[in-house]
>>> print(open('run-v5.tsv').read())   # TSV, C-alpha atoms
chain	number	residue	atom	x	y	z
A	256	MET	CA	-19.52	-6.18	5.93
A	257	LEU	CA	-16.75	-8.48	4.77
A	258	LYS	CA	-15.33	-11.57	6.41
A	259	VAL	CA	-11.59	-11.80	6.99
A	260	ARG	CA	-11.33	-14.26	4.10
A	261	GLU	CA	-13.04	-11.79	1.75
A	262	VAL	CA	-10.79	-8.93	2.88
A	263	ALA	CA	-7.74	-11.12	2.27
A	264	GLU	CA	-8.94	-11.86	-1.27
A	265	ARG	CA	-9.58	-8.18	-2.02
A	266	LEU	CA	-6.19	-7.09	-0.71
A	267	ASN	CA	-4.36	-10.10	-2.16
A	268	LEU	CA	-3.06	-10.99	1.31
A	269	SER	CA	-3.18	-14.10	3.45
A	270	GLU	CA	-5.83	-14.36	6.13
A	271	SER	CA	-3.10	-14.42	8.77
A	272	LYS	CA	-1.75	-11.09	7.46
A	273	VAL	CA	-5.25	-9.58	7.67
A	274	TYR	CA	-5.55	-10.81	11.27
A	275	ALA	CA	-2.14	-9.25	12.00
A	276	LEU	CA	-3.27	-5.90	10.51
A	277	ILE	CA	-6.41	-6.04	12.64
A	278	GLU	CA	-4.46	-6.94	15.79
A	279	SER	CA	-1.98	-4.10	15.24
A	280	GLY	CA	-4.80	-1.58	14.73
A	281	GLU	CA	-3.81	-0.80	11.14
A	282	LEU	CA	-7.07	-2.20	9.75
A	283	PRO	CA	-10.22	-1.03	11.56
A	284	HIS	CA	-12.85	-3.71	12.15
A	285	HIS	CA	-16.02	-4.64	14.00
A	286	ARG	CA	-16.62	-7.63	16.25
A	287	PHE	CA	-20.03	-9.26	16.40
A	288	GLY	CA	-19.86	-11.97	19.02
A	289	GLY	CA	-16.77	-13.89	17.95
A	290	ALA	CA	-16.97	-12.81	14.31
A	291	ILE	CA	-14.71	-10.14	12.84
A	292	ARG	CA	-16.11	-8.00	10.04
A	293	VAL	CA	-14.58	-5.18	8.00
A	294	SER	CA	-16.65	-2.72	5.99
A	295	ASP	CA	-15.98	-1.85	2.37
A	296	GLN	CA	-15.26	1.72	3.49
A	297	GLN	CA	-12.66	0.54	6.02
A	298	VAL	CA	-10.92	-1.49	3.30
A	299	ALA	CA	-10.94	1.55	0.98
A	300	GLU	CA	-9.54	3.81	3.73
A	301	PHE	CA	-6.82	1.26	4.50
A	302	LEU	CA	-5.83	1.18	0.83
A	303	GLU	CA	-5.74	4.98	0.69
A	304	GLN	CA	-3.55	5.17	3.80
A	305	THR	CA	-1.09	2.63	2.46
A	306	LYS	CA	-0.91	4.07	-1.05
A	307	HIS	CA	2.56	5.10	-2.17
A	308	GLU	CA	2.84	7.62	-4.95
A	309	ARG	CA	5.78	7.47	-7.26
A	310	SER	CA	7.94	10.50	-6.97
A	311	LYS	CA	10.06	11.87	-9.76
A	312	PRO	CA	13.69	10.92	-9.36
A	313	GLU	CA	15.85	13.86	-8.39
A	314	LEU	CA	18.40	14.82	-10.98
A	315	PRO	CA	21.88	15.67	-9.82
A	316	LYS	CA	22.44	19.37	-9.43
A	317	GLY	CA	25.32	21.11	-11.05
A	318	ARG	CA	26.79	21.49	-14.46
A	319	ILE	CA	25.76	18.98	-17.08
A	320	HIS	CA	28.55	17.97	-19.40
A	321	ALA	CA	27.92	16.90	-22.95
A	322	PRO	CA	28.90	13.25	-23.29
A	323	PHE	CA	31.69	12.28	-25.66
A	324	ARG	CA	32.99	15.81	-26.18
A	325	HIS	CA	36.33	14.31	-27.03
A	326	LEU	CA	34.94	12.59	-30.16
A	327	LYS	CA	34.82	14.37	-33.50
A	328	LEU	CA	31.81	13.65	-35.66
>>> encode(input="run-v5.tsv", output="structure tokens")
Amino acid sequence: MLKVREVAERLNLSESKVYALIESGELPHHRFGGAIRVSDQQVAEFLEQTKHERSKPELPKGRIHAPFRHLKL
């Protein structure tokens, strides 16, 4: 189980941002007395949920014109 400080270091976030993610319910956690702990698995699941995959840019549809058709080579 990781402390908030350790989670912040792993995610390259501030501790206040980690607390905000916990408060909003985006980052699951456990409370033991007054201590907040996050498991390695919960951090991994959070990263998986927030992962953005690059998509291929869409090419314009239609006829493709050869550039510089007006030039003679």
>>> atom_distance(input="run-v5.tsv", atom1="CA of Asn267 in chain A", atom2="CA of Phe287 in chain A")
24.3 Å
>>> atom_distance(input="run-v5.tsv", atom1="CA of Arg309 in chain A", atom2="CA of Leu276 in chain A")
24.0 Å
>>> closest_residue(input="run-v5.tsv", among="A:Lys272, A:His325, A:His284, A:Arg260", to="Val298 in chain A", atoms="all atoms listed in the file")
A:His284
>>> closest_residue(input="run-v5.tsv", among="A:Ser271, A:Ser294, A:Ser279, A:Gln304", to="Met256 in chain A", atoms="all atoms listed in the file")
A:Ser294
>>> residues_around(input="run-v5.tsv", residues="Lys258 in chain A", least_positions_apart="6", cutoff="9 Å", atoms="all atoms listed in the file", output="PDB file with C-alpha atoms, keeping the file's coordinate frame")
ATOM      1  CA  ALA A 290     -16.970 -12.810  14.310  1.00  0.00           C
ATOM      2  CA  ILE A 291     -14.710 -10.140  12.840  1.00  0.00           C
ATOM      3  CA  ARG A 292     -16.110  -8.000  10.040  1.00  0.00           C
ATOM      4  CA  VAL A 293     -14.580  -5.180   8.000  1.00  0.00           C
ATOM      5  CA  SER A 294     -16.650  -2.720   5.990  1.00  0.00           C
TER       6      SER A 294
END
>>> closest_residue(input="run-v5.tsv", among="A:Gly289, A:Lys327, A:Asp295, A:Glu278", to="Val262 in chain A", atoms="all atoms listed in the file")
A:Asp295
>>> atom_distance(input="run-v5.tsv", atom1="CA of Thr305 in chain A", atom2="CA of Glu281 in chain A")
9.7 Å
>>> axis_aligned_box(input="run-v5.tsv", around="range 299-310 of chain A", padding_each_side="3 Å", output="JSON")
{"center_x": -1.5, "center_y": 5.8, "center_z": -1.4, "size_x": 24.9, "size_y": 15.3, "size_z": 17.8}
>>> closest_residue(input="run-v5.tsv", among="A:Leu282, A:Val259, A:Val273, A:Lys316", to="Glu303 in chain A", atoms="all atoms listed in the file")
A:Leu282
>>> decode(input="run-v5.tsv", residues="chain A", atoms="C-alpha atoms", output="PDB file, in the first residue's frame")
ATOM      1  CA  MET A 256       0.000   0.000   0.000  1.00  0.00           C
ATOM      2  CA  LEU A 257       1.312   3.404  -0.996  1.00  0.00           C
ATOM      3  CA  LYS A 258       1.077   6.702   0.821  1.00  0.00           C
ATOM      4  CA  VAL A 259      -0.330   9.716  -1.013  1.00  0.00           C
ATOM      5  CA  ARG A 260       3.191  11.126  -1.337  1.00  0.00           C
ATOM      6  CA  GLU A 261       4.394   7.911  -3.009  1.00  0.00           C
ATOM      7  CA  VAL A 262       1.425   7.863  -5.392  1.00  0.00           C
ATOM      8  CA  ALA A 263       2.148  11.481  -6.321  1.00  0.00           C
ATOM      9  CA  GLU A 264       5.767  10.590  -7.111  1.00  0.00           C
ATOM     10  CA  ARG A 265       4.763   7.599  -9.249  1.00  0.00           C
ATOM     11  CA  LEU A 266       2.189   9.582 -11.214  1.00  0.00           C
ATOM     12  CA  ASN A 267       4.354  12.715 -11.390  1.00  0.00           C
ATOM     13  CA  LEU A 268       1.567  14.738  -9.767  1.00  0.00           C
ATOM     14  CA  SER A 269       1.364  16.984  -6.745  1.00  0.00           C
ATOM     15  CA  GLU A 270       0.027  15.552  -3.510  1.00  0.00           C
ATOM     16  CA  SER A 271      -2.890  17.984  -3.681  1.00  0.00           C
ATOM     17  CA  LYS A 272      -3.821  16.631  -7.137  1.00  0.00           C
ATOM     18  CA  VAL A 273      -3.760  13.069  -5.768  1.00  0.00           C
ATOM     19  CA  TYR A 274      -6.038  14.142  -2.900  1.00  0.00           C
ATOM     20  CA  ALA A 275      -8.363  15.759  -5.468  1.00  0.00           C
ATOM     21  CA  LEU A 276      -8.461  12.525  -7.522  1.00  0.00           C
ATOM     22  CA  ILE A 277      -9.271  10.572  -4.359  1.00  0.00           C
ATOM     23  CA  GLU A 278     -11.975  13.045  -3.303  1.00  0.00           C
ATOM     24  CA  SER A 279     -13.608  12.956  -6.751  1.00  0.00           C
ATOM     25  CA  GLY A 280     -13.639   9.144  -6.757  1.00  0.00           C
ATOM     26  CA  GLU A 281     -11.336   8.867  -9.779  1.00  0.00           C
ATOM     27  CA  LEU A 282      -8.585   7.176  -7.755  1.00  0.00           C
ATOM     28  CA  PRO A 283      -9.783   4.313  -5.518  1.00  0.00           C
ATOM     29  CA  HIS A 284      -8.210   4.195  -2.060  1.00  0.00           C
ATOM     30  CA  HIS A 285      -8.390   2.702   1.423  1.00  0.00           C
ATOM     31  CA  ARG A 286      -8.611   4.522   4.739  1.00  0.00           C
ATOM     32  CA  PHE A 287      -6.974   3.080   7.824  1.00  0.00           C
ATOM     33  CA  GLY A 288      -7.851   5.343  10.712  1.00  0.00           C
ATOM     34  CA  GLY A 289      -6.891   8.748   9.356  1.00  0.00           C
ATOM     35  CA  ALA A 290      -4.361   7.388   6.859  1.00  0.00           C
ATOM     36  CA  ILE A 291      -5.094   7.119   3.145  1.00  0.00           C
ATOM     37  CA  ARG A 292      -3.450   4.292   1.232  1.00  0.00           C
ATOM     38  CA  VAL A 293      -3.587   3.299  -2.440  1.00  0.00           C
ATOM     39  CA  SER A 294      -2.554  -0.127  -3.692  1.00  0.00           C
ATOM     40  CA  ASP A 295      -0.183  -0.698  -6.593  1.00  0.00           C
ATOM     41  CA  GLN A 296      -3.062  -2.345  -8.464  1.00  0.00           C
ATOM     42  CA  GLN A 297      -5.296   0.707  -7.972  1.00  0.00           C
ATOM     43  CA  VAL A 298      -2.546   2.954  -9.360  1.00  0.00           C
ATOM     44  CA  ALA A 299      -2.119   0.630 -12.366  1.00  0.00           C
ATOM     45  CA  GLU A 300      -5.887   0.571 -13.003  1.00  0.00           C
ATOM     46  CA  PHE A 301      -6.034   4.370 -12.768  1.00  0.00           C
ATOM     47  CA  LEU A 302      -3.241   4.652 -15.337  1.00  0.00           C
ATOM     48  CA  GLU A 303      -5.020   2.209 -17.648  1.00  0.00           C
ATOM     49  CA  GLN A 304      -8.295   4.141 -17.387  1.00  0.00           C
ATOM     50  CA  THR A 305      -6.625   7.453 -18.157  1.00  0.00           C
ATOM     51  CA  LYS A 306      -4.489   6.149 -21.021  1.00  0.00           C
ATOM     52  CA  HIS A 307      -5.038   7.906 -24.335  1.00  0.00           C
ATOM     53  CA  GLU A 308      -4.070   6.084 -27.479  1.00  0.00           C
ATOM     54  CA  ARG A 309      -2.905   8.048 -30.447  1.00  0.00           C
ATOM     55  CA  SER A 310      -5.239   7.709 -33.342  1.00  0.00           C
ATOM     56  CA  LYS A 311      -4.213   7.998 -36.943  1.00  0.00           C
ATOM     57  CA  PRO A 312      -5.091  11.375 -38.389  1.00  0.00           C
ATOM     58  CA  GLU A 313      -7.932  11.191 -40.856  1.00  0.00           C
ATOM     59  CA  LEU A 314      -6.984  12.097 -44.375  1.00  0.00           C
ATOM     60  CA  PRO A 315      -9.333  14.286 -46.341  1.00  0.00           C
ATOM     61  CA  LYS A 316     -11.631  12.331 -48.594  1.00  0.00           C
ATOM     62  CA  GLY A 317     -11.956  13.117 -52.229  1.00  0.00           C
ATOM     63  CA  ARG A 318      -9.738  13.485 -55.216  1.00  0.00           C
ATOM     64  CA  ILE A 319      -6.060  14.000 -54.585  1.00  0.00           C
ATOM     65  CA  HIS A 320      -4.425  16.419 -56.970  1.00  0.00           C
ATOM     66  CA  ALA A 321      -0.803  16.165 -57.920  1.00  0.00           C
ATOM     67  CA  PRO A 322       1.003  19.237 -56.608  1.00  0.00           C
ATOM     68  CA  PHE A 323       2.649  21.614 -59.046  1.00  0.00           C
ATOM     69  CA  ARG A 324       0.975  20.195 -62.146  1.00  0.00           C
ATOM     70  CA  HIS A 325       1.485  23.548 -63.786  1.00  0.00           C
ATOM     71  CA  LEU A 326       5.298  23.209 -63.668  1.00  0.00           C
ATOM     72  CA  LYS A 327       7.214  21.491 -66.451  1.00  0.00           C
ATOM     73  CA  LEU A 328      10.195  19.427 -65.386  1.00  0.00           C
TER      74      LEU A 328
END
